Amino acid sequence: MAFAAPPIASLNAHLIGVPGGRDELATPALIADLAVLKRNIAAMAAQCAKMGIALRPHAKTHKCASLARLQIEAGALGVCCAKLGEAEALTAAGVPGILITSPIVAKPALKRLAALNAAAEGMMVVVDTPALVPALVEAARASGRVLKVLVDLDPGLHRTGVAPGEPAYALAAAVAAEPELSFEGVQCYAGQVMHMGDAAQRRAKSLAVMKLIADTRDELTRRNLPPRILTGGGTGTADIDPVAGVLTELQAGSYVFMDREYNDVWTKAGDHPPFETSLAVQTTVISAALDKLATTDAGLKSFACDAGPPKLATGAGPSASYFFFGDEQGGVLCEDAADRPALGAVLTCVVPHCDPTVNLYEVLHIVDGDTLVDIWPIEARGRSF
């Protein structure tokens, strides 16, 4: 008789609504505290409303339609997606108002873009070179609908984006000249600024980017190409960029979860992070043979590793620290033997970098206190193409 492995989403489904069920989850498990999640969403929505700026949060952080809907219900215009595949998955799940923030170039991808543009309400794309404009025109024609386009402006990161000045103005004019395309505005995201630990430096660098956007806006307007949308910014500058009065919408994404990297931006400077940590990976101690060492079931495959190991939040004493013990295992090293977690103990870890960690999981376990209240699919997980 053939054996069928149970779907990931079903492994913990029987624990929904069970008091104390959170501690019985099959691990490693990606979890989010619902109350904290909602507080973060409400706080960012209130902050944007107070500052008079719209919010289009970046869904590359969570890749989850249920979470995107919570953000939109709280007032967001829609969401951003980093990749075409993310936009396809979230559109299929009913999420409107998507801006794809990376250029779409490959011929197969442009065919998919045409199909998506025909189906998606309020979808927008970016462009950073005139060479791509004819391909976008063809995609628009194939879709039977005008394609909304923003010029992607390079803030000095040199990852994507057209150079400021005449190259940017010429690109905007090239887009606006095509009846099949609608020039909507300018995107400018300064990712190199987001994790600067020096608050004064982060502020100065970000405001310099805002001036660059403002200068571009003013010159485009002078040339009868007024941008309707000016979009950019992120969690690290969410309290800085709106004050400049330049952006029409903010693209912050990580604020819903937070992670060790973003928390460090503020805590290393002696400040409190502006948003709470709602996301964690829950793991179980599978070996505890030594006095000051325990082994867990969450190793390199359970966390994004670009920012070092996670930070232990619960389950071990104050002298305990987490390290990667291999592909499948993590380690907990304790200076004091009394802090070592016991065999079978459940630990929670603040992830080093939320976006790529979420991408490793198929579902997000939503908890309220010690109770599992829901399991949300991460529909755009793995959609990096």
# chains A, B, ... in the order shown; residues from 1 in each chain; ligands from 1
$ residues_around --residues "segment 293-306 of chain A" --least-positions-apart "2" --cutoff "6 Å" --atoms "only C-alpha atoms" --output "PyMOL selection string"
chain A and resi 28+283-288+290-291+308+324+326-333+356-357
$ write_last_selection --atoms "N, CA and C atoms" --output "JSON list (two decimals), in the first residue's frame"
[["chain", "number", "residue", "atom", "x", "y", "z"],
["A", 28, "PRO", "N", 10.44, 22.40, 13.02],
["A", 28, "PRO", "CA", 10.39, 23.85, 13.16],
["A", 28, "PRO", "C", 9.11, 24.43, 12.56],
["A", 283, "THR", "N", 11.07, 26.00, 17.79],
["A", 283, "THR", "CA", 11.90, 24.82, 17.62],
["A", 283, "THR", "C", 11.90, 23.98, 18.89],
["A", 284, "THR", "N", 12.28, 22.72, 18.78],
["A", 284, "THR", "CA", 12.22, 21.78, 19.90],
["A", 284, "THR", "C", 13.62, 21.24, 20.19],
["A", 285, "VAL", "N", 13.95, 21.10, 21.45],
["A", 285, "VAL", "CA", 15.23, 20.50, 21.85],
["A", 285, "VAL", "C", 15.15, 18.99, 21.63],
["A", 286, "ILE", "N", 16.05, 18.48, 20.79],
["A", 286, "ILE", "CA", 16.03, 17.04, 20.46],
["A", 286, "ILE", "C", 17.17, 16.26, 21.10],
["A", 287, "SER", "N", 18.12, 16.98, 21.72],
["A", 287, "SER", "CA", 19.21, 16.31, 22.43],
["A", 287, "SER", "C", 19.75, 17.26, 23.48],
["A", 288, "ALA", "N", 20.00, 16.73, 24.67],
["A", 288, "ALA", "CA", 20.52, 17.56, 25.77],
["A", 288, "ALA", "C", 21.42, 16.71, 26.66],
["A", 290, "LEU", "N", 24.72, 17.12, 27.24],
["A", 290, "LEU", "CA", 25.78, 17.85, 27.94],
["A", 290, "LEU", "C", 25.19, 18.94, 28.82],
["A", 291, "ASP", "N", 25.94, 19.31, 29.86],
["A", 291, "ASP", "CA", 25.43, 20.24, 30.85],
["A", 291, "ASP", "C", 25.11, 21.63, 30.28],
["A", 308, "GLY", "N", 23.49, 36.05, 10.12],
["A", 308, "GLY", "CA", 23.94, 35.37, 11.32],
["A", 308, "GLY", "C", 22.84, 34.56, 11.98],
["A", 324, "PHE", "N", 24.21, 27.86, 14.66],
["A", 324, "PHE", "CA", 23.85, 26.85, 13.68],
["A", 324, "PHE", "C", 24.75, 25.63, 13.87],
["A", 326, "GLY", "N", 24.33, 22.80, 12.01],
["A", 326, "GLY", "CA", 24.29, 22.02, 10.80],
["A", 326, "GLY", "C", 23.06, 22.35, 9.99],
["A", 327, "ASP", "N", 22.87, 21.62, 8.89],
["A", 327, "ASP", "CA", 21.72, 21.88, 8.03],
["A", 327, "ASP", "C", 20.40, 21.71, 8.78],
["A", 328, "GLU", "N", 20.29, 20.67, 9.57],
["A", 328, "GLU", "CA", 19.03, 20.30, 10.20],
["A", 328, "GLU", "C", 18.93, 20.71, 11.66],
["A", 329, "GLN", "N", 20.06, 20.98, 12.30],
["A", 329, "GLN", "CA", 20.06, 21.22, 13.73],
["A", 329, "GLN", "C", 20.60, 22.60, 14.10],
["A", 330, "GLY", "N", 20.07, 23.11, 15.19],
["A", 330, "GLY", "CA", 20.60, 24.30, 15.82],
["A", 330, "GLY", "C", 21.19, 23.93, 17.16],
["A", 331, "GLY", "N", 22.01, 24.81, 17.71],
["A", 331, "GLY", "CA", 22.61, 24.55, 19.01],
["A", 331, "GLY", "C", 22.32, 25.68, 19.98],
["A", 332, "VAL", "N", 22.18, 25.32, 21.25],
["A", 332, "VAL", "CA", 22.01, 26.30, 22.32],
["A", 332, "VAL", "C", 23.17, 26.12, 23.29],
["A", 333, "LEU", "N", 24.04, 27.12, 23.35],
["A", 333, "LEU", "CA", 25.21, 27.06, 24.21],
["A", 333, "LEU", "C", 24.99, 27.98, 25.41],
["A", 356, "PRO", "N", 13.60, 36.51, 3.76],
["A", 356, "PRO", "CA", 14.04, 35.21, 3.23],
["A", 356, "PRO", "C", 13.74, 34.05, 4.16],
["A", 357, "THR", "N", 13.56, 34.31, 5.46],
["A", 357, "THR", "CA", 13.17, 33.22, 6.36],
["A", 357, "THR", "C", 11.74, 32.78, 6.07]]
$ residues_around --residues "segment 124-127 of chain A" --least-positions-apart "3" --cutoff "8 Å" --atoms "only C-alpha atoms" --output "MDAnalysis selection string"
chainID A and resid 97:104 130 132:133 147:152 161 187
$ closest_atom_pairs --of "segment 335-356 of chain A" --to "segment 43-62 of chain A" --cutoff "12 Å" --atoms "only C-alpha atoms" --output "CSV"
residue,atom,partner,partner_atom,distance
A:His353,CA,A:Thr61,CA,9.6
A:Cys354,CA,A:Thr61,CA,6.7
A:Asp355,CA,A:Thr61,CA,4.4
A:Pro356,CA,A:Thr61,CA,7.8
$ residues_around --residues "Asp370 of chain A" --least-positions-apart "6" --cutoff "9 Å" --atoms "only C-alpha atoms" --output "list in words"
Val18, Pro19, Gly20, Gly21, Arg22 and Asp23 of chain A
$ closest_residue --among "A:Ile41, A:Leu250, A:Val186, A:Val209" --to "Pro227 of chain A" --atoms "only C-alpha atoms"
A:Val186
$ atom_distance --atom1 "atom CA of Asp33 of chain A" --atom2 "atom CA of Ser278 of chain A"
5.1 Å
$ select_by_dssp --residues "segment 196-324 of chain A" --states "strand (DSSP E or B)" --output "MDAnalysis selection string"
chainID A and resid 229:232 249:250 279:290 293:296 311:314 320:324
$ residues_around --residues "Pro155 of chain A" --least-positions-apart "3" --cutoff "7 Å" --atoms "only C-alpha atoms" --output "MDAnalysis selection string"
chainID A and resid 188:190 209
$ write_last_selection --atoms "N, CA and C atoms" --output "PDB file, in the first residue's frame"
ATOM      1  N   CYS A 188      11.547  54.999  -6.092  1.00  0.00           N
ATOM      2  CA  CYS A 188      12.947  55.165  -5.677  1.00  0.00           C
ATOM      3  C   CYS A 188      13.096  54.567  -4.285  1.00  0.00           C
ATOM      4  N   TYR A 189      13.756  53.422  -4.194  1.00  0.00           N
ATOM      5  CA  TYR A 189      13.921  52.728  -2.915  1.00  0.00           C
ATOM      6  C   TYR A 189      15.399  52.668  -2.543  1.00  0.00           C
ATOM      7  N   ALA A 190      15.763  53.286  -1.443  1.00  0.00           N
ATOM      8  CA  ALA A 190      17.156  53.347  -0.988  1.00  0.00           C
ATOM      9  C   ALA A 190      17.419  52.252   0.040  1.00  0.00           C
ATOM     10  N   VAL A 209      17.981  61.325  -0.412  1.00  0.00           N
ATOM     11  CA  VAL A 209      17.236  60.589  -1.438  1.00  0.00           C
ATOM     12  C   VAL A 209      15.889  61.268  -1.693  1.00  0.00           C
TER      13      VAL A 209
END
$ atom_distance --atom1 "atom CA of Gly245 of chain A" --atom2 "atom CA of Asp198 of chain A"
22.6 Å
$ closest_residue --among "A:Cys64, A:Ala204, A:Leu153, A:Leu347" --to "Gly94 of chain A" --atoms "only C-alpha atoms"
A:Cys64
$ residues_around --residues "Gly233 of chain A" --least-positions-apart "4" --cutoff "9 Å" --atoms "only C-alpha atoms" --output "MDAnalysis selection string"
chainID A and resid 188:191 194 206 237:238 240:242 247 249:252
$ residues_around --residues "segment 260-270 of chain A" --least-positions-apart "6" --cutoff "10 Å" --atoms "only C-alpha atoms" --output "ChimeraX atom specification"
/A:194-199,202,235-236,254,276-277,307-311,349-354
$ residues_around --residues "His365 of chain A" --least-positions-apart "2" --cutoff "9 Å" --atoms "only C-alpha atoms" --output "list of chain:residue names"
A:Asn12, A:Arg22, A:Ala29, A:Leu30, A:Ile31, A:Ala32, A:Asp33, A:Val363, A:Val367, A:Leu372, A:Val373, A:Asp374, A:Ile375, A:Trp376, A:Pro377
$ select_by_dssp --residues "segment 138-175 of chain A" --states "helix (DSSP H, G or I)" --output "list in words"
Glu138, Ala139, Ala140, Arg141, Ala142, Ser143, Glu166, Pro167, Ala168, Tyr169, Ala170, Leu171, Ala172, Ala173, Ala174 and Val175 of chain A
$ atom_distance --atom1 "atom CA of Val162 of chain A" --atom2 "atom CA of Ala119 of chain A"
28.6 Å
$ closest_residue --among "A:Gln282, A:Thr129, A:Ser384, A:Asn359" --to "Glu24 of chain A" --atoms "only C-alpha atoms"
A:Gln282
$ closest_residue --among "A:Ala118, A:Leu225, A:Ile72, A:Leu312" --to "Pro341 of chain A" --atoms "only C-alpha atoms"
A:Leu312
